[in-house]
file work04.cif (mmCIF, C-alpha atoms and all ligand atoms)
data_start
#
loop_
_atom_site.label_atom_id
_atom_site.label_comp_id
_atom_site.auth_asym_id
_atom_site.auth_seq_id
_atom_site.Cartn_x
_atom_site.Cartn_y
_atom_site.Cartn_z
CA MET A 55 0.00 0.00 0.00
CA PHE A 56 2.73 2.44 0.97
CA GLU A 57 6.24 3.34 -0.11
CA PRO A 58 8.74 5.54 1.70
CA VAL A 59 8.23 9.16 0.71
CA THR A 60 9.85 12.60 1.02
CA ILE A 61 7.54 15.63 1.08
CA ASP A 62 8.47 19.30 1.52
CA THR A 63 6.06 21.78 3.10
CA LYS A 64 6.59 25.48 3.82
CA ARG A 65 8.63 24.95 6.98
CA LEU A 66 9.19 21.17 7.13
CA ARG A 67 10.66 18.19 5.36
CA LEU A 68 8.97 14.79 5.81
CA ARG A 69 11.45 12.05 5.00
CA PRO A 70 11.79 8.28 5.54
CA LEU A 71 12.73 6.93 8.96
CA ARG A 72 16.31 5.68 9.46
CA LYS A 73 17.96 3.56 12.16
CA GLU A 74 20.17 6.55 13.05
CA ASP A 75 17.07 8.49 14.20
CA ALA A 76 16.95 6.43 17.42
CA SER A 77 18.53 9.00 19.74
CA ALA A 78 16.20 11.82 18.57
CA PHE A 79 13.17 9.57 19.08
CA PHE A 80 14.40 8.22 22.41
CA GLU A 81 14.34 11.82 23.68
CA MET A 82 10.63 12.04 22.71
CA TRP A 83 9.56 8.52 23.67
CA SER A 84 11.20 8.73 27.10
CA ASP A 85 9.40 11.99 27.98
CA PRO A 86 6.38 11.10 30.18
CA GLU A 87 4.41 14.16 29.04
CA THR A 88 4.94 13.43 25.35
CA VAL A 89 3.94 9.74 25.53
CA ARG A 90 1.20 10.34 28.13
CA TYR A 91 -1.48 9.00 25.77
CA PHE A 92 0.61 6.49 23.82
CA SER A 93 0.09 2.74 23.86
CA PHE A 94 3.37 2.24 25.77
CA PRO A 95 4.85 3.70 28.95
CA PRO A 96 7.81 6.15 28.77
CA MET A 97 10.94 4.39 27.51
CA GLN A 98 13.80 3.84 29.96
CA ASP A 99 16.52 2.65 27.60
CA ILE A 100 17.60 3.64 24.08
CA GLU A 101 17.41 -0.04 23.07
CA GLN A 102 13.61 0.30 23.28
CA ALA A 103 13.77 3.13 20.72
CA HIS A 104 15.96 0.97 18.45
CA ALA A 105 13.42 -1.88 18.74
CA ARG A 106 10.45 0.38 17.94
CA ILE A 107 12.26 1.84 14.93
CA THR A 108 13.12 -1.67 13.72
CA ASP A 109 9.40 -2.61 13.97
CA LYS A 110 8.39 0.52 12.05
CA LEU A 111 11.00 -0.14 9.35
CA GLN A 112 9.82 -3.75 9.06
CA SER A 113 6.19 -2.72 8.71
CA SER A 114 7.08 -0.09 6.10
CA SER A 115 9.22 -2.55 4.11
CA ASN A 116 6.17 -4.78 3.62
CA GLY A 117 4.05 -1.77 2.60
CA HIS A 118 1.62 -1.83 5.57
CA SER A 119 2.72 1.54 6.85
CA VAL A 120 4.68 4.67 6.06
CA THR A 121 6.55 6.62 8.73
CA CYS A 122 7.78 10.13 8.03
CA VAL A 123 10.38 11.79 10.19
CA ILE A 124 9.62 15.50 10.43
CA GLU A 125 12.62 17.81 10.13
CA SER A 126 12.81 21.59 10.30
CA ARG A 127 13.86 22.85 6.87
CA ASP A 128 15.63 25.77 8.56
CA THR A 129 17.79 23.83 11.01
CA GLY A 130 17.62 20.18 9.90
CA GLU A 131 16.55 19.21 13.45
CA VAL A 132 14.29 16.18 13.87
CA ILE A 133 11.15 17.59 15.50
CA GLY A 134 8.82 14.55 15.40
CA ASP A 135 7.16 12.01 13.18
CA CYS A 136 3.87 11.25 11.52
CA GLY A 137 2.73 8.21 9.64
CA LEU A 138 0.01 6.01 8.26
CA PHE A 139 -0.21 2.48 9.64
CA ASN A 140 -2.48 -0.57 10.01
CA GLY A 141 -3.24 -0.32 6.30
CA VAL A 142 -6.08 -2.48 5.00
CA SER A 143 -5.54 -2.58 1.24
CA LEU A 144 -8.91 -4.05 0.22
CA SER A 145 -10.73 -1.22 1.98
CA ARG A 146 -8.07 1.39 1.13
CA ARG A 147 -8.02 2.40 4.78
CA ALA A 148 -5.26 3.25 7.28
CA GLU A 149 -4.75 4.96 10.64
CA ILE A 150 -2.83 8.17 11.19
CA GLY A 151 -0.39 8.70 14.06
CA TYR A 152 1.86 11.63 15.02
CA CYS A 153 4.18 12.95 17.68
CA LEU A 154 6.19 16.13 18.18
CA GLY A 155 8.95 16.75 20.70
CA ARG A 156 7.55 18.89 23.50
CA LYS A 157 9.52 22.01 22.63
CA TYR A 158 7.88 22.06 19.18
CA TRP A 159 4.26 22.06 20.35
CA GLY A 160 2.02 25.07 19.74
CA LYS A 161 3.64 26.25 16.49
CA GLY A 162 1.30 24.62 13.97
CA TYR A 163 3.99 22.16 12.84
CA MET A 164 1.86 19.03 13.08
CA ALA A 165 -1.08 20.63 11.30
CA GLU A 166 1.32 21.41 8.44
CA ALA A 167 2.94 17.94 8.41
CA ALA A 168 -0.26 15.91 8.84
CA ASP A 169 -2.05 17.87 6.15
CA ALA A 170 0.73 16.97 3.68
CA LEU A 171 0.67 13.33 4.79
CA ILE A 172 -3.11 13.12 4.39
CA GLU A 173 -2.83 14.62 0.91
CA HIS A 174 -0.23 11.98 0.07
CA GLY A 175 -2.41 9.22 1.54
CA PHE A 176 -5.44 10.15 -0.56
CA LYS A 177 -3.70 11.26 -3.77
CA GLN A 178 -0.61 9.03 -4.09
CA ALA A 179 -1.36 6.00 -1.89
CA GLY A 180 -4.99 5.86 -3.07
CA LEU A 181 -6.59 5.75 0.38
CA HIS A 182 -10.34 6.07 0.72
CA ARG A 183 -10.49 6.52 4.49
CA ILE A 184 -8.11 7.56 7.29
CA GLU A 185 -8.83 6.88 10.97
CA ALA A 186 -7.48 8.32 14.22
CA ASP A 187 -7.70 6.56 17.59
CA ILE A 188 -7.31 9.23 20.29
CA ASP A 189 -7.51 9.22 24.07
CA PRO A 190 -10.44 11.56 24.90
CA ARG A 191 -8.22 13.38 27.44
CA ASN A 192 -5.66 14.26 24.74
CA LEU A 193 -7.09 17.67 23.90
CA PRO A 194 -4.20 18.94 21.70
CA SER A 195 -4.58 15.84 19.51
CA ILE A 196 -8.38 16.22 19.35
CA GLN A 197 -8.06 19.89 18.39
CA LEU A 198 -5.53 18.99 15.70
CA ILE A 199 -7.59 16.18 14.19
CA GLU A 200 -10.76 18.31 14.13
CA ARG A 201 -8.84 21.17 12.47
CA LEU A 202 -7.71 18.65 9.85
CA GLY A 203 -11.37 17.95 9.06
CA PHE A 204 -11.81 14.55 10.73
CA ARG A 205 -15.24 13.73 12.13
CA ARG A 206 -15.88 12.17 15.52
CA GLU A 207 -17.50 8.80 14.80
CA GLY A 208 -17.45 6.70 17.92
CA TYR A 209 -16.47 6.16 21.52
CA LEU A 210 -14.83 2.88 22.56
CA ARG A 211 -14.71 2.25 26.30
CA GLU A 212 -11.56 0.94 28.03
CA ARG A 213 -9.95 -0.04 24.74
CA TRP A 214 -6.39 0.23 26.08
CA LEU A 215 -4.55 -1.09 29.13
CA ILE A 216 -1.32 0.88 29.44
CA GLY A 217 1.02 0.55 32.39
CA GLY A 218 -1.86 -0.59 34.62
CA GLU A 219 -4.21 2.21 33.53
CA VAL A 220 -7.32 1.73 31.38
CA ALA A 221 -7.98 4.25 28.62
CA ASP A 222 -10.93 4.95 26.36
CA THR A 223 -10.72 5.77 22.65
CA VAL A 224 -12.51 8.43 20.68
CA LEU A 225 -12.48 7.32 17.07
CA TYR A 226 -12.22 9.88 14.26
CA GLY A 227 -12.54 9.32 10.51
CA LEU A 228 -11.85 11.28 7.35
CA ILE A 229 -13.06 10.00 4.01
CA GLN A 230 -11.83 11.18 0.65
CA SER A 231 -15.10 12.95 -0.17
CA ASP A 232 -14.91 14.98 3.08
CA ARG A 233 -11.82 16.64 1.66
CA TYR A 234 -12.26 16.87 -2.10
C1 LIG B 301 -0.78 16.13 19.34
C2 LIG B 301 0.30 17.14 19.02
C3 LIG B 301 1.10 16.72 17.79
C4 LIG B 301 -0.35 18.50 18.75
O1 LIG B 301 0.68 19.47 18.63
P1 LIG B 301 0.30 21.00 18.48
O2 LIG B 301 1.56 21.76 18.43
O3 LIG B 301 -0.72 21.38 19.50
O4 LIG B 301 -0.48 20.96 17.11
P2 LIG B 301 -0.34 21.85 15.86
O5 LIG B 301 0.94 21.53 15.16
O6 LIG B 301 -1.60 21.70 15.07
O7 LIG B 301 -0.27 23.32 16.45
C5 LIG B 301 -1.47 23.98 16.82
C6 LIG B 301 -1.11 25.03 17.82
O8 LIG B 301 -0.08 25.84 17.29
C7 LIG B 301 -0.50 27.23 17.26
N1 LIG B 301 0.18 27.85 16.13
C8 LIG B 301 1.22 28.68 16.25
N2 LIG B 301 1.65 29.04 15.03
C9 LIG B 301 0.86 28.42 14.12
C10 LIG B 301 0.84 28.38 12.70
N3 LIG B 301 1.73 29.05 11.96
N4 LIG B 301 -0.10 27.61 12.10
C11 LIG B 301 -1.01 26.91 12.82
N5 LIG B 301 -1.02 26.89 14.20
C12 LIG B 301 -0.08 27.66 14.82
C13 LIG B 301 -2.01 27.14 17.21
O9 LIG B 301 -2.60 28.31 17.70
C14 LIG B 301 -2.26 25.95 18.11
O10 LIG B 301 -2.10 26.33 19.45
P3 LIG B 301 -3.22 26.00 20.54
O11 LIG B 301 -3.28 24.49 20.60
O12 LIG B 301 -2.67 26.64 21.78
O13 LIG B 301 -4.47 26.60 20.00
C15 LIG B 301 1.29 17.30 20.23
O14 LIG B 301 0.55 17.73 21.34
C16 LIG B 301 2.04 16.04 20.55
O15 LIG B 301 3.00 15.65 19.88
N6 LIG B 301 1.59 15.37 21.64
C17 LIG B 301 2.28 14.18 22.12
C18 LIG B 301 2.07 12.99 21.21
C19 LIG B 301 0.61 12.64 21.04
O16 LIG B 301 -0.18 12.69 21.98
N7 LIG B 301 0.28 12.22 19.82
C20 LIG B 301 -1.09 11.89 19.46
C21 LIG B 301 -1.49 10.55 19.90
S1 LIG B 301 -3.17 10.26 19.38
#

call {"tool": "encode", "arguments": {"input": "work04.cif", "output": "structure tokens"}}
result
Amino acid sequence: MFEPVTIDTKRLRLRPLRKEDASAFFEMWSDPETVRYFSFPPMQDIEQAHARITDKLQSSSNGHSVTCVIESRDTGEVIGDCGLFNGVSLSRRAEIGYCLGRKYWGKGYMAEAADALIEHGFKQAGLHRIEADIDPRNLPSIQLIERLGFRREGYLRERWLIGGEVADTVLYGLIQSDRY
């Protein structure tokens, strides 16, 4: 379904994930505030970041997902990632996920990156529908997904068990005809 891709936006470059990105992502994935609503607890060891990157690279090599590292075009810094995953080719459907390092929040970077990724998903990858599974307490993510045009479609109770805590899901969807 997906191939690695490089996309330039006004301020950002989205480029394929590499093994050497582990230290930048360990900084994000070990920050309790950043991964507060993720499906794993904060990482303790850089080996966990290596393992997660290896999983992502594996899933992208078989075409089920695409992960884009987000870099600042000004400085070249890695500021986060966004991607499409859990692709279901027969239904031309996938989920969107995203994360920014804490110091990059509140600048509109993810709106810019995710908009470009969604465009790629519909236009180049031929998706019909994109879903987002969000913890209802994650207000920045809910605001972002609603600004991107997703509609709230459902509420799934206690869908996740993360580090001994149960978490609900609010499910959002965007279909091609919502956008074009
Ligand atoms: C979810 C997440 C990516 C949202 O980041 P964000 O910076 O709030 O989102 P955006 O990139 O859309 O930025 C929007 C904010 O930037 C502000 N902004 C500043 N300059 C802007 C610009 N040029 N264009 C647009 N917005 C701009 C907006 O006013 C808005 O601020 P507000 O939320 O105070 O109203 C971020 O909180 C994050 O990485 N969280 C941790 C990981 C996570 O939870 N991922 C989602 C799991 S479902």

call {"tool": "residues_around", "arguments": {"input": "work04.cif", "residues": "stretch 124-133 of chain A", "least_positions_apart": "5", "cutoff": "6 Å", "atoms": "all atoms listed in the file", "output": "MDAnalysis selection string"}}
result
chainID A and resid 65:68 154:155

call {"tool": "residues_near_ligand", "arguments": {"input": "work04.cif", "ligand": "ligand LIG 301 (chain B)", "cutoff": "6 Å", "atoms": "only C-alpha atoms and all ligand atoms", "output": "count of residues only"}}
result
17

call {"tool": "closest_residue", "arguments": {"input": "work04.cif", "among": "A:Ile172, A:Ala103, A:Leu144, A:Leu210", "to": "A:Tyr234", "atoms": "only C-alpha atoms"}}
result
A:Ile172

call {"tool": "closest_residue", "arguments": {"input": "work04.cif", "among": "A:Ala78, A:Ala170, A:Leu215, A:Leu138", "to": "A:Ile100", "atoms": "all atoms listed in the file"}}
result
A:Ala78

call {"tool": "residues_around", "arguments": {"input": "work04.cif", "residues": "A:Glu185", "least_positions_apart": "2", "cutoff": "9 Å", "atoms": "only C-alpha atoms", "output": "MDAnalysis selection string"}}
result
chainID A and resid 147:150 183 187 204 225:229

call {"tool": "axis_aligned_box", "arguments": {"input": "work04.cif", "around": "stretch 198-201 of chain A", "padding_each_side": "5 Å", "output": "JSON"}}
result
{"center_x": -8.1, "center_y": 18.7, "center_z": 14.1, "size_x": 15.2, "size_y": 15.0, "size_z": 13.2}

call {"tool": "decode", "arguments": {"input": "work04.cif", "residues": "stretch 139-174 of chain A", "atoms": "N, CA and C atoms", "output": "PDB file, in the first residue's frame"}}
result
ATOM      1  N   PHE A 139      -0.528   3.858   9.262  1.00  0.00           N
ATOM      2  CA  PHE A 139      -0.211   2.481   9.644  1.00  0.00           C
ATOM      3  C   PHE A 139      -1.502   1.660   9.717  1.00  0.00           C
ATOM      4  N   ASN A 140      -1.325   0.355  10.007  1.00  0.00           N
ATOM      5  CA  ASN A 140      -2.476  -0.575  10.008  1.00  0.00           C
ATOM      6  C   ASN A 140      -3.270  -0.467   8.702  1.00  0.00           C
ATOM      7  N   GLY A 141      -2.565  -0.410   7.591  1.00  0.00           N
ATOM      8  CA  GLY A 141      -3.238  -0.317   6.295  1.00  0.00           C
ATOM      9  C   GLY A 141      -4.033  -1.582   5.972  1.00  0.00           C
ATOM     10  N   VAL A 142      -5.234  -1.360   5.453  1.00  0.00           N
ATOM     11  CA  VAL A 142      -6.080  -2.482   4.995  1.00  0.00           C
ATOM     12  C   VAL A 142      -6.303  -2.225   3.506  1.00  0.00           C
ATOM     13  N   SER A 143      -5.560  -2.961   2.650  1.00  0.00           N
ATOM     14  CA  SER A 143      -5.538  -2.575   1.237  1.00  0.00           C
ATOM     15  C   SER A 143      -6.892  -2.756   0.567  1.00  0.00           C
ATOM     16  N   LEU A 144      -7.626  -3.827   0.896  1.00  0.00           N
ATOM     17  CA  LEU A 144      -8.912  -4.051   0.222  1.00  0.00           C
ATOM     18  C   LEU A 144      -9.892  -2.907   0.458  1.00  0.00           C
ATOM     19  N   SER A 145      -9.824  -2.323   1.657  1.00  0.00           N
ATOM     20  CA  SER A 145     -10.735  -1.222   1.983  1.00  0.00           C
ATOM     21  C   SER A 145     -10.086   0.141   1.776  1.00  0.00           C
ATOM     22  N   ARG A 146      -8.827   0.150   1.331  1.00  0.00           N
ATOM     23  CA  ARG A 146      -8.067   1.389   1.126  1.00  0.00           C
ATOM     24  C   ARG A 146      -8.192   2.317   2.352  1.00  0.00           C
ATOM     25  N   ARG A 147      -7.855   1.708   3.492  1.00  0.00           N
ATOM     26  CA  ARG A 147      -8.015   2.397   4.776  1.00  0.00           C
ATOM     27  C   ARG A 147      -6.725   2.272   5.582  1.00  0.00           C
ATOM     28  N   ALA A 148      -6.410   3.321   6.366  1.00  0.00           N
ATOM     29  CA  ALA A 148      -5.265   3.253   7.280  1.00  0.00           C
ATOM     30  C   ALA A 148      -5.515   4.199   8.444  1.00  0.00           C
ATOM     31  N   GLU A 149      -4.672   4.060   9.484  1.00  0.00           N
ATOM     32  CA  GLU A 149      -4.752   4.956  10.644  1.00  0.00           C
ATOM     33  C   GLU A 149      -3.630   5.984  10.556  1.00  0.00           C
ATOM     34  N   ILE A 150      -3.877   7.151  11.120  1.00  0.00           N
ATOM     35  CA  ILE A 150      -2.828   8.173  11.187  1.00  0.00           C
ATOM     36  C   ILE A 150      -2.313   8.283  12.618  1.00  0.00           C
ATOM     37  N   GLY A 151      -1.004   8.491  12.744  1.00  0.00           N
ATOM     38  CA  GLY A 151      -0.395   8.705  14.059  1.00  0.00           C
ATOM     39  C   GLY A 151       0.638   9.813  13.941  1.00  0.00           C
ATOM     40  N   TYR A 152       0.910  10.498  15.080  1.00  0.00           N
ATOM     41  CA  TYR A 152       1.857  11.627  15.021  1.00  0.00           C
ATOM     42  C   TYR A 152       2.383  11.952  16.401  1.00  0.00           C
ATOM     43  N   CYS A 153       3.562  12.542  16.414  1.00  0.00           N
ATOM     44  CA  CYS A 153       4.177  12.953  17.684  1.00  0.00           C
ATOM     45  C   CYS A 153       5.204  14.039  17.411  1.00  0.00           C
ATOM     46  N   LEU A 154       5.174  15.078  18.238  1.00  0.00           N
ATOM     47  CA  LEU A 154       6.190  16.132  18.176  1.00  0.00           C
ATOM     48  C   LEU A 154       6.938  16.176  19.500  1.00  0.00           C
ATOM     49  N   GLY A 155       8.221  16.480  19.460  1.00  0.00           N
ATOM     50  CA  GLY A 155       8.950  16.750  20.697  1.00  0.00           C
ATOM     51  C   GLY A 155       8.309  17.941  21.403  1.00  0.00           C
ATOM     52  N   ARG A 156       8.340  17.910  22.741  1.00  0.00           N
ATOM     53  CA  ARG A 156       7.546  18.893  23.504  1.00  0.00           C
ATOM     54  C   ARG A 156       7.883  20.342  23.157  1.00  0.00           C
ATOM     55  N   LYS A 157       9.168  20.600  22.891  1.00  0.00           N
ATOM     56  CA  LYS A 157       9.517  22.008  22.631  1.00  0.00           C
ATOM     57  C   LYS A 157       8.975  22.520  21.300  1.00  0.00           C
ATOM     58  N   TYR A 158       8.410  21.634  20.488  1.00  0.00           N
ATOM     59  CA  TYR A 158       7.880  22.060  19.180  1.00  0.00           C
ATOM     60  C   TYR A 158       6.350  22.162  19.163  1.00  0.00           C
ATOM     61  N   TRP A 159       5.721  21.946  20.308  1.00  0.00           N
ATOM     62  CA  TRP A 159       4.259  22.056  20.353  1.00  0.00           C
ATOM     63  C   TRP A 159       3.845  23.528  20.204  1.00  0.00           C
ATOM     64  N   GLY A 160       2.608  23.727  19.739  1.00  0.00           N
ATOM     65  CA  GLY A 160       2.020  25.071  19.742  1.00  0.00           C
ATOM     66  C   GLY A 160       2.515  25.981  18.631  1.00  0.00           C
ATOM     67  N   LYS A 161       3.129  25.416  17.601  1.00  0.00           N
ATOM     68  CA  LYS A 161       3.639  26.249  16.490  1.00  0.00           C
ATOM     69  C   LYS A 161       2.980  25.888  15.161  1.00  0.00           C
ATOM     70  N   GLY A 162       1.987  25.000  15.208  1.00  0.00           N
ATOM     71  CA  GLY A 162       1.300  24.616  13.973  1.00  0.00           C
ATOM     72  C   GLY A 162       2.085  23.641  13.111  1.00  0.00           C
ATOM     73  N   TYR A 163       3.172  23.061  13.664  1.00  0.00           N
ATOM     74  CA  TYR A 163       3.991  22.162  12.839  1.00  0.00           C
ATOM     75  C   TYR A 163       3.238  20.889  12.462  1.00  0.00           C
ATOM     76  N   MET A 164       2.489  20.306  13.429  1.00  0.00           N
ATOM     77  CA  MET A 164       1.864  19.034  13.080  1.00  0.00           C
ATOM     78  C   MET A 164       0.693  19.228  12.123  1.00  0.00           C
ATOM     79  N   ALA A 165      -0.001  20.360  12.262  1.00  0.00           N
ATOM     80  CA  ALA A 165      -1.078  20.627  11.298  1.00  0.00           C
ATOM     81  C   ALA A 165      -0.489  20.657   9.884  1.00  0.00           C
ATOM     82  N   GLU A 166       0.665  21.294   9.755  1.00  0.00           N
ATOM     83  CA  GLU A 166       1.318  21.407   8.435  1.00  0.00           C
ATOM     84  C   GLU A 166       1.791  20.033   7.928  1.00  0.00           C
ATOM     85  N   ALA A 167       2.419  19.254   8.817  1.00  0.00           N
ATOM     86  CA  ALA A 167       2.944  17.943   8.407  1.00  0.00           C
ATOM     87  C   ALA A 167       1.807  16.953   8.107  1.00  0.00           C
ATOM     88  N   ALA A 168       0.817  16.900   9.003  1.00  0.00           N
ATOM     89  CA  ALA A 168      -0.255  15.907   8.839  1.00  0.00           C
ATOM     90  C   ALA A 168      -1.094  16.217   7.609  1.00  0.00           C
ATOM     91  N   ASP A 169      -1.288  17.506   7.339  1.00  0.00           N
ATOM     92  CA  ASP A 169      -2.049  17.867   6.145  1.00  0.00           C
ATOM     93  C   ASP A 169      -1.347  17.336   4.881  1.00  0.00           C
ATOM     94  N   ALA A 170      -0.018  17.468   4.842  1.00  0.00           N
ATOM     95  CA  ALA A 170       0.734  16.965   3.679  1.00  0.00           C
ATOM     96  C   ALA A 170       0.678  15.436   3.608  1.00  0.00           C
ATOM     97  N   LEU A 171       0.733  14.795   4.775  1.00  0.00           N
ATOM     98  CA  LEU A 171       0.674  13.325   4.785  1.00  0.00           C
ATOM     99  C   LEU A 171      -0.704  12.821   4.336  1.00  0.00           C
ATOM    100  N   ILE A 172      -1.751  13.510   4.773  1.00  0.00           N
ATOM    101  CA  ILE A 172      -3.113  13.119   4.387  1.00  0.00           C
ATOM    102  C   ILE A 172      -3.288  13.274   2.868  1.00  0.00           C
ATOM    103  N   GLU A 173      -2.779  14.395   2.352  1.00  0.00           N
ATOM    104  CA  GLU A 173      -2.834  14.620   0.906  1.00  0.00           C
ATOM    105  C   GLU A 173      -2.135  13.475   0.169  1.00  0.00           C
ATOM    106  N   HIS A 174      -0.966  13.095   0.667  1.00  0.00           N
ATOM    107  CA  HIS A 174      -0.227  11.983   0.071  1.00  0.00           C
ATOM    108  C   HIS A 174      -1.040  10.682   0.167  1.00  0.00           C
TER     109      HIS A 174
END
